[in-house]
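Peer 1: Quick one, start04.txt (compact mmCIF, C-alpha atoms):
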# COMPACT_ATOMS: atom_id res chain seq x y z
CA MET A 470 -17.98 22.60 83.97
CA SER A 471 -18.61 21.95 87.65
CA GLU A 472 -16.00 20.13 89.66
CA LEU A 473 -16.42 16.40 89.52
CA PRO A 474 -16.25 14.25 92.61
CA ALA A 475 -12.67 13.19 93.29
CA ASP A 476 -13.55 9.51 93.55
CA PHE A 477 -15.32 9.68 90.16
CA VAL A 478 -12.30 11.31 88.47
CA GLU A 479 -9.96 8.79 90.01
CA ARG A 480 -12.17 5.91 88.89
CA GLU A 481 -12.57 7.22 85.33
CA TYR A 482 -8.97 8.30 84.63
CA ASN A 483 -6.86 5.88 86.61
CA LEU A 484 -6.91 3.35 83.80
CA ARG A 485 -4.47 0.91 85.34
CA ALA A 486 -6.81 0.56 88.29
CA ALA A 487 -9.82 0.36 86.01
CA PHE A 488 -8.35 -2.42 83.90
CA PRO A 489 -6.30 -4.70 86.09
CA ASP A 490 -5.26 -6.91 83.19
CA HIS A 491 -3.11 -4.06 81.82
CA PRO A 492 0.22 -5.82 82.51
CA GLN A 493 -0.80 -8.58 80.10
CA TRP A 494 -1.38 -6.00 77.37
CA PHE A 495 1.94 -4.29 78.02
CA GLU A 496 3.67 -7.65 77.70
CA ARG A 497 1.72 -8.45 74.52
CA TRP A 498 2.56 -5.09 72.95
CA ALA A 499 6.25 -5.58 73.73
CA ARG A 500 6.24 -9.13 72.40
CA GLU A 501 4.39 -8.30 69.19
CA SER A 502 6.46 -5.17 68.61
CA GLU A 503 9.65 -7.20 68.92
CA VAL A 504 8.31 -9.66 66.36
CA ALA A 505 7.34 -6.82 64.04
CA ARG A 506 10.78 -5.24 64.30
CA SER A 507 12.59 -8.51 63.77
CA GLU A 508 10.41 -9.83 60.97
CA LEU A 509 9.58 -6.70 59.01
CA ASP A 510 10.82 -7.22 55.50
CA ALA A 511 12.64 -4.50 53.62
CA LYS A 512 13.02 -3.57 49.97
CA LEU A 513 15.81 -1.41 48.60
CA ASP A 514 14.95 0.24 45.28
CA ILE A 515 17.59 1.53 42.86
CA HIS A 516 16.49 3.86 40.10
CA GLY A 517 17.63 3.75 36.49
CA GLY A 518 18.89 6.47 34.16
CA TYR A 519 21.98 4.84 32.62
CA TRP A 520 23.98 5.80 35.74
CA ARG A 521 23.85 9.42 34.52
CA ALA A 522 20.33 10.74 35.17
CA LEU A 523 17.15 10.63 37.28
CA ASP A 524 16.63 10.74 41.01
CA LYS A 525 15.03 8.74 43.82
CA ARG A 526 12.35 11.43 44.27
CA ASP A 527 10.84 10.31 40.97
CA HIS A 528 10.63 6.66 42.00
CA SER A 529 8.71 6.62 45.27
CA PHE A 530 5.71 5.29 43.34
CA VAL A 531 7.19 1.80 43.69
CA ALA A 532 6.64 1.84 47.47
CA PRO A 533 2.87 1.78 48.21
CA PRO A 534 2.05 -1.85 47.26
CA PHE A 535 4.87 -3.04 49.50
CA VAL A 536 4.27 -0.67 52.41
CA ALA A 537 0.65 -1.86 52.38
CA ARG A 538 1.97 -5.38 53.00
CA GLY A 539 4.21 -4.31 55.88
CA VAL A 540 7.41 -4.07 53.86
CA GLY A 541 9.71 -1.13 54.62
CA VAL A 542 10.93 0.51 51.41
CA ALA A 543 14.09 2.56 50.95
CA VAL A 544 14.60 4.28 47.59
CA VAL A 545 18.22 5.35 47.23
CA ASN A 546 20.22 7.80 45.19
CA TYR A 547 23.75 7.61 43.91
CA ASP A 548 26.25 10.00 42.39
CA LEU A 549 25.98 10.19 38.62
CA CYS A 550 28.31 9.83 35.69
CA PRO A 551 30.37 11.63 34.47
CA ASP A 552 31.17 12.95 37.96
CA VAL A 553 31.92 9.42 39.15
CA SER A 554 32.58 6.09 37.46
CA ILE A 555 30.16 3.16 37.29
CA ALA A 556 32.55 1.23 39.51
CA ARG A 557 32.21 3.95 42.13
CA ILE A 558 28.41 3.80 41.88
CA VAL A 559 28.57 0.04 42.51
CA ASP A 560 30.52 0.74 45.70
CA GLU A 561 27.98 3.36 46.74
CA MET A 562 25.23 0.77 46.46
CA ARG A 563 27.26 -1.64 48.57
CA GLU A 564 27.61 1.12 51.15
CA ALA A 565 23.85 1.70 51.00
CA VAL A 566 23.12 -1.95 51.77
CA ALA A 567 25.62 -1.94 54.63
CA TRP A 568 24.12 1.26 56.04
CA LEU A 569 20.59 -0.11 55.79
CA ARG A 570 21.65 -3.27 57.58
CA ARG A 571 23.29 -1.23 60.33
CA GLU A 572 20.90 1.72 60.68
CA GLY A 573 17.66 0.70 58.98
CA ALA A 574 15.82 -0.31 62.15
CA ARG A 575 16.32 3.17 63.61
CA HIS A 576 14.51 4.58 60.58
CA GLY A 577 11.66 2.09 60.50
CA VAL A 578 13.23 -0.20 57.88
CA PRO A 579 14.76 -3.21 59.65
CA CYS A 580 16.15 -5.52 57.03
CA ASP A 581 16.71 -9.00 58.37
CA ARG A 582 15.14 -10.04 55.06
CA LEU A 583 16.17 -7.61 52.35
CA VAL A 584 15.07 -7.68 48.73
CA VAL A 585 16.92 -5.39 46.34
CA ALA A 586 15.13 -4.20 43.21
CA GLY A 587 16.36 -2.01 40.40
CA HIS A 588 15.36 -0.78 36.96
CA SER A 589 17.68 -0.38 33.97
CA ALA A 590 20.99 0.82 35.44
CA GLY A 591 19.44 -0.08 38.78
CA GLY A 592 18.95 -3.62 37.50
CA HIS A 593 22.66 -3.77 36.73
CA LEU A 594 23.50 -2.46 40.21
CA THR A 595 21.16 -5.02 41.76
CA ALA A 596 23.02 -7.85 40.04
CA MET A 597 26.36 -6.39 41.13
CA LEU A 598 25.17 -6.54 44.75
CA LEU A 599 24.57 -10.27 44.35
CA ALA A 600 28.12 -10.59 43.00
CA THR A 601 29.57 -8.92 46.13
CA ASP A 602 31.69 -10.67 48.74
CA TRP A 603 29.79 -9.39 51.76
CA GLN A 604 31.80 -11.41 54.26
CA ALA A 605 34.89 -9.44 53.24
CA ARG A 606 32.91 -6.36 54.31
CA GLY A 607 32.06 -7.84 57.69
CA LEU A 608 28.48 -8.71 56.73
CA PRO A 609 26.71 -12.05 56.31
CA GLN A 610 26.72 -13.47 52.81
CA THR A 611 22.97 -13.97 53.24
CA ILE A 612 22.39 -10.24 53.64
CA ILE A 613 20.19 -10.18 50.52
CA ALA A 614 17.22 -12.55 50.55
CA GLY A 615 16.14 -11.91 46.98
CA ALA A 616 16.56 -9.53 44.07
CA VAL A 617 14.62 -8.11 41.14
CA ALA A 618 16.35 -6.70 38.07
CA VAL A 619 13.92 -5.01 35.69
CA SER A 620 15.22 -4.21 32.18
CA GLY A 621 18.78 -4.49 33.42
CA VAL A 622 22.08 -4.22 31.57
CA PHE A 623 24.37 -7.08 32.51
CA ASP A 624 26.95 -6.95 29.72
CA LEU A 625 28.25 -3.39 29.54
CA GLU A 626 30.71 -3.89 26.70
CA PRO A 627 28.23 -2.84 23.95
CA LEU A 628 27.93 0.52 25.72
CA VAL A 629 31.50 1.36 24.79
CA GLN A 630 30.08 2.21 21.38
CA VAL A 631 27.08 4.35 22.36
CA SER A 632 27.08 8.12 21.95
CA PHE A 633 26.48 8.75 25.66
CA ASN A 634 29.64 6.87 26.59
CA VAL A 635 31.09 10.36 26.72
CA ASP A 636 29.51 10.38 30.20
CA LEU A 637 30.06 6.75 31.15
CA LYS A 638 33.76 6.80 30.18
CA LEU A 639 33.82 3.06 29.53
CA ASP A 640 36.47 1.22 27.63
CA ARG A 641 36.33 -2.54 27.13
CA SER A 642 38.38 -3.26 30.22
CA ARG A 643 36.26 -1.08 32.50
CA ALA A 644 33.05 -2.41 30.99
CA HIS A 645 34.17 -6.01 31.48
CA ALA A 646 35.04 -5.36 35.14
CA VAL A 647 31.53 -4.16 36.01
CA SER A 648 29.56 -6.63 33.88
CA PRO A 649 27.66 -9.20 35.98
CA ILE A 650 27.84 -11.76 33.18
CA HIS A 651 31.60 -11.98 33.81
CA LEU A 652 31.14 -12.44 37.55
CA SER A 653 29.74 -15.20 39.71
CA PRO A 654 26.92 -14.58 42.19
CA ARG A 655 28.34 -14.60 45.69
CA VAL A 656 24.86 -14.34 47.19
CA ARG A 657 22.82 -17.42 46.29
CA ALA A 658 19.48 -15.66 46.48
CA PRO A 659 16.67 -15.85 43.92
CA LEU A 660 16.96 -13.21 41.22
CA LEU A 661 13.80 -12.31 39.34
CA LEU A 662 14.77 -11.02 35.90
CA ALA A 663 12.03 -9.03 34.21
CA ALA A 664 11.54 -6.80 31.19
CA GLY A 665 8.78 -5.49 28.97
CA GLU A 666 7.92 -7.59 25.95
CA ASP A 667 8.24 -4.42 23.87
CA GLU A 668 11.83 -3.73 24.94
CA THR A 669 14.51 -3.49 22.27
CA SER A 670 15.92 -6.86 21.31
CA GLU A 671 19.17 -6.14 23.15
CA PHE A 672 17.40 -5.69 26.46
CA ILE A 673 15.55 -8.95 25.94
CA ARG A 674 18.89 -10.60 25.17
CA GLN A 675 20.52 -9.06 28.24
CA SER A 676 17.93 -10.63 30.56
CA TRP A 677 18.21 -14.03 28.90
CA MET A 678 21.99 -13.86 29.07
CA LEU A 679 22.12 -13.40 32.83
CA TRP A 680 19.42 -16.02 33.28
CA GLU A 681 21.66 -18.51 31.49
CA ARG A 682 24.85 -17.43 33.27
CA TRP A 683 23.43 -17.52 36.81
CA PRO A 684 21.31 -20.69 37.12
CA GLU A 685 21.97 -20.80 40.86
CA CYS A 686 19.84 -17.66 41.22
CA HIS A 687 16.75 -18.90 39.40
CA PRO A 688 13.59 -18.31 41.49
CA GLN A 689 11.72 -21.48 42.30
CA GLY A 690 9.16 -22.34 39.64
CA ARG A 691 10.50 -19.89 37.02
CA HIS A 692 11.74 -21.17 33.69
CA GLY A 693 13.00 -17.86 32.31
CA PRO A 694 12.74 -14.11 32.79
CA LEU A 695 9.36 -12.50 33.31
CA PHE A 696 8.45 -10.64 30.12
CA ILE A 697 5.48 -8.33 30.63
CA PRO A 698 3.10 -7.83 27.67
CA GLU A 699 2.51 -4.37 26.23
CA ARG A 700 5.29 -2.79 28.28
CA HIS A 701 8.49 -1.17 27.06
CA HIS A 702 11.60 0.02 28.87
CA TYR A 703 9.92 2.95 30.58
CA SER A 704 6.38 1.71 31.09
CA VAL A 705 7.46 -1.60 32.63
CA ILE A 706 8.68 -0.16 35.92
CA SER A 707 5.21 1.23 36.64
CA GLU A 708 4.21 -2.40 37.20
CA LEU A 709 6.03 -2.28 40.55
CA GLY A 710 3.62 0.43 41.62
CA ASP A 711 0.62 -1.77 40.82
CA ALA A 712 -0.37 -4.07 43.66
CA LYS A 713 -2.13 -6.42 41.24
CA SER A 714 0.67 -6.80 38.70
CA ALA A 715 2.59 -10.02 38.15
CA LEU A 716 5.84 -8.16 38.81
CA THR A 717 4.67 -6.99 42.23
CA ARG A 718 3.27 -10.41 43.13
CA GLU A 719 6.50 -12.18 42.21
CA THR A 720 8.57 -9.58 44.05
CA LEU A 721 6.51 -10.05 47.19
CA ALA A 722 6.96 -13.80 46.84
CA LEU A 723 10.70 -13.31 47.34
CA LEU A 724 9.94 -12.04 50.82
Go through the file and emit its structure as structure tokens.

Peer 2:
Amino acid sequence: MSELPADFVEREYNLRAAFPDHPQWFERWARESEVARSELDAKLDIHGGYWRALDKRDHSFVAPPFVARGVGVAVVNYDLCPDVSIARIVDEMREAVAWLRREGARHGVPCDRLVVAGHSAGGHLTAMLLATDWQARGLPQTIIAGAVAVSGVFDLEPLVQVSFNVDLKLDRSRAHAVSPIHLSPRVRAPLLLAAGEDETSEFIRQSWMLWERWPECHPQGRHGPLFIPERHHYSVISELGDAKSALTRETLALL
């Protein structure tokens, strides 16, 4: 390529000179970026597995419908029973929320408005986060804007009798201490309780029980838990990966 005239190169590549309104765009970018950082919603997802199995890597499918709407999604792990107790896992989730509040913006997930969602054991952990005294941890009591507990366990005392309690190591006292139905919500945020219509009767009962115990957390316009037709305990969580599902729509409404 032959050498171009210097005045031509300067004219074509000196973009600030070519477009004298550039300062207005710089200001607009800064202003809109600040708004985006301050207003970007966040969703913390907690996987299930009866506190003793599964991994966050298998639950990223819940993110796309929310990312598409500008919601930052963090899917978290926790140590598993029997290596740790359920009470310890609850504390780990509290630490996760505190970390996300403190560090999330640096990782693209600012959480001025945070919705926590969990399935099964994750639903239990979600409820426990609403029952947390966040001010005692140096955080605002409004740290969670909304919550979704899908097929959660809120009364753990029946689990004292199950065969896999060999891993959970629950007795009635320990189960009582980590059962949301025996606690009051310290965060007065809307809690969407959901389950598949084809769940076992106990899981249907568990959702109704927390609905009745925590009326202060009823989402506006709801008159009971959301029971999803033709879904059971495992198929129901796939609804959060479906942008058109009722579960996804009602979760987004919390934001």

Peer 1: Fewer than 6 positions away in the same chain doesn't count, so skip those; otherwise give me all residues within 12 Å of A:Arg538, counting all atoms listed in the file, as a list in words.

Peer 2: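 In the requested form, the answer reads Leu509, Asp510, Ala511, Lys512, Ala532, Ala712, Thr717, Arg718, Thr720, Leu721, Ala722 and Leu724 of chain A.
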
Peer 1: One decimal, in Å: what's the spacing between atom CA of A:His576 and atom CA of A:Gln610?

Peer 2: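 Distance between the two atoms: 23.1 Å.
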
Peer 1: Would you work out the distance separating atom CA of A:Lys525 from atom CA of A:Leu594, expressed in Å to one decimal?

Peer 2: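 Separation between atom CA of A:Lys525 and atom CA of A:Leu594: 14.5 Å.
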
Peer 1: Using all atoms listed in the file, which of A:Ser620, A:Asp636, A:Leu652, A:Ser642 sits nearest A:Ile697?

Peer 2: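 Nearest to A:Ile697: A:Ser620.
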
Peer 1: If we count all atoms listed in the file and set the cut-off at 12 Å, which residues sit around A:Gln689, ignoring sequence neighbours fewer than 6 positions away in its own chain? Please answer as an NGL selection string.

Peer 2: :A and (615 or 658-661 or 719 or 722-723)

Peer 1: Counting only C-alpha atoms, which of A:Thr669, A:Ser676, A:Ser648, A:Gln493 gets nearest to A:Val619?

Peer 2: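 Closest residue, counting only C-alpha atoms: A:Ser676.
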
Peer 1: Would you work out the distance separating atom CA of A:Trp568 from atom CA of A:Cys686, expressed in Å to one decimal?

Peer 2: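 It comes out at 24.4 Å.
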